[in-house]
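Enquirer: Before anything else, here's the structure in question.
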Amino acid sequence: MEVYDQSFNQNEWFVIISIFVLFTLLFVLPKLFSLLETIGYCLFGLFIGMFSDQTLSIAPWDFYDVNDTAAYQVTDFLSYLMYCPYSYFFVYFYVRLNIKGPYTILYIVIWTAASLLMEWIGTKIGLYHFNKGYSMYWSVPIYLFFQSILVIYFEVTKRT
Amino acid sequence: MALSIAITISIILLHLSIFQHSKHSFLDNSIVFFVVSIFIMNYLTIIAWNKEFIAVSTDDSLFVSFLLHRNLITPLLIVLFANTFRKQKGVLVKVGLLASTLLIMYLFNFGSVYFDVENYKEWNLLLASMMDFIVLTIGVVTLHFVVFLKTKETQNYGGL
C-alpha cells in the first residue's frame with residue numbers, strides 16, 4: 001500500500017480549517033432554506049464527493065489517493081465533509097444571485113473553475129496524489145457533470 | 001452477463017422509485033438515499049480495501065456492476081422498502097416485507113458472488129445479510145427522522 005506521508009501536517013490542517021471555516025459560514029449566513037433542504041444539499045455534496053473518490057481512487061481504476069496513504073482513513077472521511085458546505089453554497093448563491101436561463105452555464109463554469117483551484121491547492125499540500133497519468137483536466141467534466149446534476153436536484157426538490 | 005443484469009435491475013428499480021405512490025417528497029426520499037449510500041460506500045470500502053475481507057473484481061464491466069449494486073440497486077431498494085414499511089400498519093405484514101426484502105438482497109449478494117463481481121475471502125452471505133438488515137434499519141430510521149424534522153419544522157413555522 002502506498003504511503004505518502006505519516007505526519008500530521010498541511011493536508012490535515014487544510015481539512016480541519018476548511019471544515020471549521022465553511023461550516024461556520026454555513027451557520028452564520030442568513031437562512032434561505034428549510035432544515036431538510038439544508039440537510040439535502042449538504043448530503044448531496046458528501047454523497048458525490050464520496051462516490052467520486054471511492055470509485056476513481058480504488059482498484060481497478062485507482063486514479064488517485066486521498067491524504068497520507070492509499071488506505072481509507074479518518075482524515076479521508078473528514079475531507080469528504082468539506083463537500084457538504086460546498087454543495088450548500090453552490091445552491092445558496094444560485095438562489096441568492098437569482099441565476100436563471102443561460103446564466104446557469106456561466107455559474108457552473110465559475111464553480112468548476114473554483115473547484116479546480118481548490119483541487120490544485122489540494123495537490124500542492126498533499127491532499128490528492130494522482131496515479132496512472134490522471135490529471136486535473138479529467139476533473140473538469142466531472143465537476144461540470146455533478147454541478148449540473150446539483151442544479152437539477154435543486155429544481156426538482158423545489159417543485160415537489 | 002452480470003452487467004446486463006445489473007443495468008436491467010437498476011432500470012426496473014428506478015421506474016419503481018419514480019412511479020411509487022409515496023406520501024413522502026423527493027427531498028425526503030433523496031435524504032434516505034444519500035444516508036444509506038454513504039453508509040454502504042463506507043462499510044464496503046473498509047471491508048473490501050482496508051480489511052480485505054472481500055475482493056472486488058478488477059474487470060471493468062464487473063466493477064461497473066459492483067458500482068451499480070453499491071450505489072443504485074441497494075439504496076433504491078432500501079428507499080422503496082422504507083416507504084412501503086412506513087405505509088403498512090400490521091406487524092405481520094411488516095415482518096413479511098422485511099423478510100422478503102432481505103431475501104431479495106440475499107439473492108443480489110449471491111448473484112454478485114456467482115458472477116465473480118465480489119469474491120468473499122473472510123466474509124460470507126450470512127454476514128452480508130446482517131449488514132443488509134442494518135442498512136434496512138438505517139433506511140427506516142432515517143425516513144422516520146426526516147418525517148419528524150418535517151413535522152417539527154411545520155409546527156414551528158405555523159407557530160410564528
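In the C-alpha cells, the first chain shown is A, the next is B, and so on; residue numbers restart at 1 for each chain, and ligands run from 1 in the order shown.
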Restrict the calculation to only C-alpha atoms, then for each residue of chain A with any atom at most 9 Å from an atom of chain B give the closest atom pair and their distance in Å to one decimal, rows by chain and rising residue number, as a Markdown table.
Expert:
```
| residue | atom | partner | partner_atom | distance |
| --- | --- | --- | --- | --- |
| A:Ser34 | CA | B:Glu153 | CA | 7.9 |
| A:Leu35 | CA | B:Glu153 | CA | 7.7 |
| A:Leu36 | CA | B:Lys150 | CA | 7.1 |
| A:Glu37 | CA | B:Leu27 | CA | 7.2 |
| A:Ile39 | CA | B:Ile31 | CA | 7.6 |
| A:Gly40 | CA | B:Ile31 | CA | 5.6 |
| A:Leu43 | CA | B:Phe34 | CA | 6.3 |
| A:Phe44 | CA | B:Phe34 | CA | 6.9 |
| A:Leu46 | CA | B:Ile38 | CA | 7.9 |
| A:Phe47 | CA | B:Ile38 | CA | 6.0 |
| A:Met50 | CA | B:Ile38 | CA | 7.3 |
| A:Phe51 | CA | B:Met41 | CA | 7.5 |
| A:Gln54 | CA | B:Thr45 | CA | 7.3 |
| A:Thr55 | CA | B:Leu67 | CA | 7.7 |
| A:Ile58 | CA | B:Trp49 | CA | 7.8 |
| A:Ala59 | CA | B:Thr58 | CA | 6.6 |
| A:Pro60 | CA | B:Thr58 | CA | 4.7 |
| A:Trp61 | CA | B:Thr58 | CA | 8.2 |
| A:Ala71 | CA | B:Asn50 | CA | 5.9 |
| A:Tyr72 | CA | B:Asn50 | CA | 6.5 |
| A:Phe77 | CA | B:Asn42 | CA | 8.8 |
| A:Tyr153 | CA | B:Leu27 | CA | 8.9 |
| A:Val156 | CA | B:Phe26 | CA | 7.6 |
| A:Thr157 | CA | B:Leu27 | CA | 5.5 |
| A:Lys158 | CA | B:Leu27 | CA | 8.7 |
| A:Thr160 | CA | B:Ser25 | CA | 6.2 |
```
Enquirer: Deliver the residues from the most recent selection as a file, using N, CA and C atoms, as a tab-separated table (two decimals), in the first residue's frame.
Expert:
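Once everything was written out, this is selection-v8.tsv:
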```
chain	number	residue	atom	x	y	z
A	34	SER	N	-35.19	25.54	4.24
A	34	SER	CA	-35.65	24.83	5.42
A	34	SER	C	-34.53	23.90	5.90
A	35	LEU	N	-34.68	23.37	7.11
A	35	LEU	CA	-33.65	22.48	7.66
A	35	LEU	C	-33.45	21.25	6.77
A	36	LEU	N	-34.58	20.69	6.31
A	36	LEU	CA	-34.48	19.48	5.47
A	36	LEU	C	-33.79	19.77	4.14
A	37	GLU	N	-34.09	20.94	3.57
A	37	GLU	CA	-33.42	21.32	2.31
A	37	GLU	C	-31.93	21.48	2.55
A	39	ILE	N	-30.13	20.03	4.84
A	39	ILE	CA	-29.55	18.68	5.01
A	39	ILE	C	-29.40	18.01	3.63
A	40	GLY	N	-30.43	18.14	2.80
A	40	GLY	CA	-30.40	17.53	1.46
A	40	GLY	C	-29.24	18.06	0.61
A	43	LEU	N	-25.93	16.84	2.11
A	43	LEU	CA	-25.71	15.40	1.86
A	43	LEU	C	-25.38	15.13	0.41
A	44	PHE	N	-25.93	15.94	-0.50
A	44	PHE	CA	-25.63	15.78	-1.92
A	44	PHE	C	-24.12	15.88	-2.13
A	46	LEU	N	-21.69	15.57	0.10
A	46	LEU	CA	-20.99	14.47	0.77
A	46	LEU	C	-21.08	13.19	-0.07
A	47	PHE	N	-22.28	12.93	-0.57
A	47	PHE	CA	-22.51	11.72	-1.38
A	47	PHE	C	-21.65	11.76	-2.66
A	50	MET	N	-17.86	11.41	-1.90
A	50	MET	CA	-17.52	10.02	-1.56
A	50	MET	C	-17.63	9.11	-2.77
A	51	PHE	N	-18.71	9.30	-3.53
A	51	PHE	CA	-18.92	8.45	-4.70
A	51	PHE	C	-17.75	8.59	-5.69
A	54	GLN	N	-14.47	7.23	-3.91
A	54	GLN	CA	-14.50	5.79	-3.63
A	54	GLN	C	-14.85	4.97	-4.88
A	55	THR	N	-14.83	5.64	-6.02
A	55	THR	CA	-14.98	4.94	-7.30
A	55	THR	C	-13.68	5.08	-8.10
A	58	ILE	N	-10.14	3.78	-6.12
A	58	ILE	CA	-9.97	2.38	-5.68
A	58	ILE	C	-9.70	1.48	-6.89
A	59	ALA	N	-9.12	0.31	-6.59
A	59	ALA	CA	-8.85	-0.65	-7.67
A	59	ALA	C	-10.18	-1.09	-8.29
A	60	PRO	N	-10.27	-1.34	-9.57
A	60	PRO	CA	-9.20	-1.43	-10.56
A	60	PRO	C	-8.73	-0.08	-11.13
A	61	TRP	N	-9.48	0.98	-10.93
A	61	TRP	CA	-9.11	2.23	-11.59
A	61	TRP	C	-7.96	2.93	-10.85
A	71	ALA	N	-4.89	3.79	1.86
A	71	ALA	CA	-5.98	3.21	2.66
A	71	ALA	C	-6.98	4.28	3.08
A	72	TYR	N	-8.18	3.84	3.40
A	72	TYR	CA	-9.24	4.77	3.82
A	72	TYR	C	-9.02	5.12	5.29
A	77	PHE	N	-12.39	10.70	5.58
A	77	PHE	CA	-13.82	10.95	5.85
A	77	PHE	C	-14.02	12.44	6.14
A	153	TYR	N	-31.13	18.69	-9.23
A	153	TYR	CA	-31.60	18.24	-7.91
A	153	TYR	C	-32.34	19.38	-7.19
A	156	VAL	N	-35.72	20.10	-8.89
A	156	VAL	CA	-36.72	19.05	-8.62
A	156	VAL	C	-37.21	19.14	-7.18
A	157	THR	N	-36.31	19.34	-6.22
A	157	THR	CA	-36.73	19.42	-4.80
A	157	THR	C	-37.63	20.64	-4.58
A	158	LYS	N	-37.37	21.71	-5.35
A	158	LYS	CA	-38.18	22.93	-5.21
A	158	LYS	C	-39.62	22.70	-5.69
A	160	THR	N	-41.25	19.64	-5.96
A	160	THR	CA	-42.03	18.51	-5.43
A	160	THR	C	-42.24	18.62	-3.92
```
Enquirer: Quick one: residues within 6 Å of stretch 6-19 of chain A, only C-alpha atoms counted, chain neighbours fewer than 6 positions away excluded, as a list of chain:residue names?
Expert: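 Once the adjacent positions are removed, what remains is A:Ser79, A:Met82, A:Ile125, A:Gly126, A:Leu127.
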Enquirer: Excluding B:Thr137 and its own-chain neighbours fewer than 5 positions away, which residues fall within 9 Å of it when counting only C-alpha atoms? Please give them as a PyMOL selection string.
Expert: chain B and resi 82+132+142
Enquirer: Would you pick out the contacts of B:Lys94 at 12 Å or less, using only C-alpha atoms, so that residues sharing its chain but fewer than 6 positions from it are not included, and give the list as a list in words?
Expert: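 Here the qualifying residues turn out to be Phe81, Ala82, Asn83, Thr84, Phe85, Arg86, Lys87, Gln88, Ser100, Thr101 and Val140 of chain B.
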Enquirer: Could you check how far atom CA of A:Thr69 sits from atom CA of A:Glu2, in Å to one decimal?
Expert: 5.7 Å
Enquirer: Using only C-alpha atoms, determine which residues lie at most 12 Å from B:Ile104, disregarding the query and same-chain residues fewer than 6 positions distant; provide the list as number ranges by chain.
Expert: B: 9, 73-74, 77-78, 81, 97-98, 110-111, 129, 132-133
Enquirer: Using only C-alpha atoms, determine which residues lie at most 8 Å from A:Ser87, disregarding the query and same-chain residues fewer than 6 positions distant; provide the list as a VMD selection string.
Expert: chain A and resid 41 to 42 44 to 45 150
Enquirer: List the neighbours of B:Leu3 out to 7 Å using only C-alpha atoms; skip same-chain residues closer than 5 positions along the sequence, and give me the result as an NGL selection string.
Expert: :B and (61-62 or 65)
Enquirer: Could you state the separation of atom CA of A:Leu26 and atom CA of A:Tyr86 in Å, given to one decimal place?
Expert: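 For atom CA of A:Leu26 relative to atom CA of A:Tyr86, the distance reads 9.5 Å.
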Enquirer: Could you work out how far atom CA of A:Tyr64 lies from atom CA of A:Thr112, giving the answer in Å with one decimal?
Expert: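 Between these atoms lies a distance of 19.2 Å.
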Enquirer: If you run DSSP on the backbone here, which positions in stretch 29-155 of chain A get helix (DSSP H, G or I)? Please write them as an NGL selection string.
Expert: :A and (35-56 or 74-81 or 83-96 or 103-124 or 136-155)
Enquirer: Under the rule that only C-alpha atoms are counted, which of A:Val28, A:Ile108, A:Ile99, A:Met118 is the nearest residue to A:Tyr143?
Expert: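 Of all the options, A:Ile108 lies closest to A:Tyr143.
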Enquirer: Which residues in stretch 41-125 of chain B does DSSP call strand (DSSP E or B)? List them as a list of chain:residue names.
Expert: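 Residues of stretch 41-125 of chain B classed as strand (DSSP E or B): B:Ile54, B:Ala55, B:Val56, B:Glu118, B:Asn119, B:Tyr120.
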Enquirer: Output the selection as a PDB file, in the first residue's frame - C-alpha atoms for each residue.
Expert:
```pdb
ATOM      1  CA  ILE B  54     -13.865  -9.331   0.175  1.00  0.00           C
ATOM      2  CA  ALA B  55     -12.147  -8.879  -3.180  1.00  0.00           C
ATOM      3  CA  VAL B  56     -13.910  -6.832  -5.819  1.00  0.00           C
ATOM      4  CA  GLU B 118     -17.249  -9.990  -5.460  1.00  0.00           C
ATOM      5  CA  ASN B 119     -15.164 -12.777  -4.025  1.00  0.00           C
ATOM      6  CA  TYR B 120     -15.710 -13.453  -0.318  1.00  0.00           C
TER       7      TYR B 120
END
```
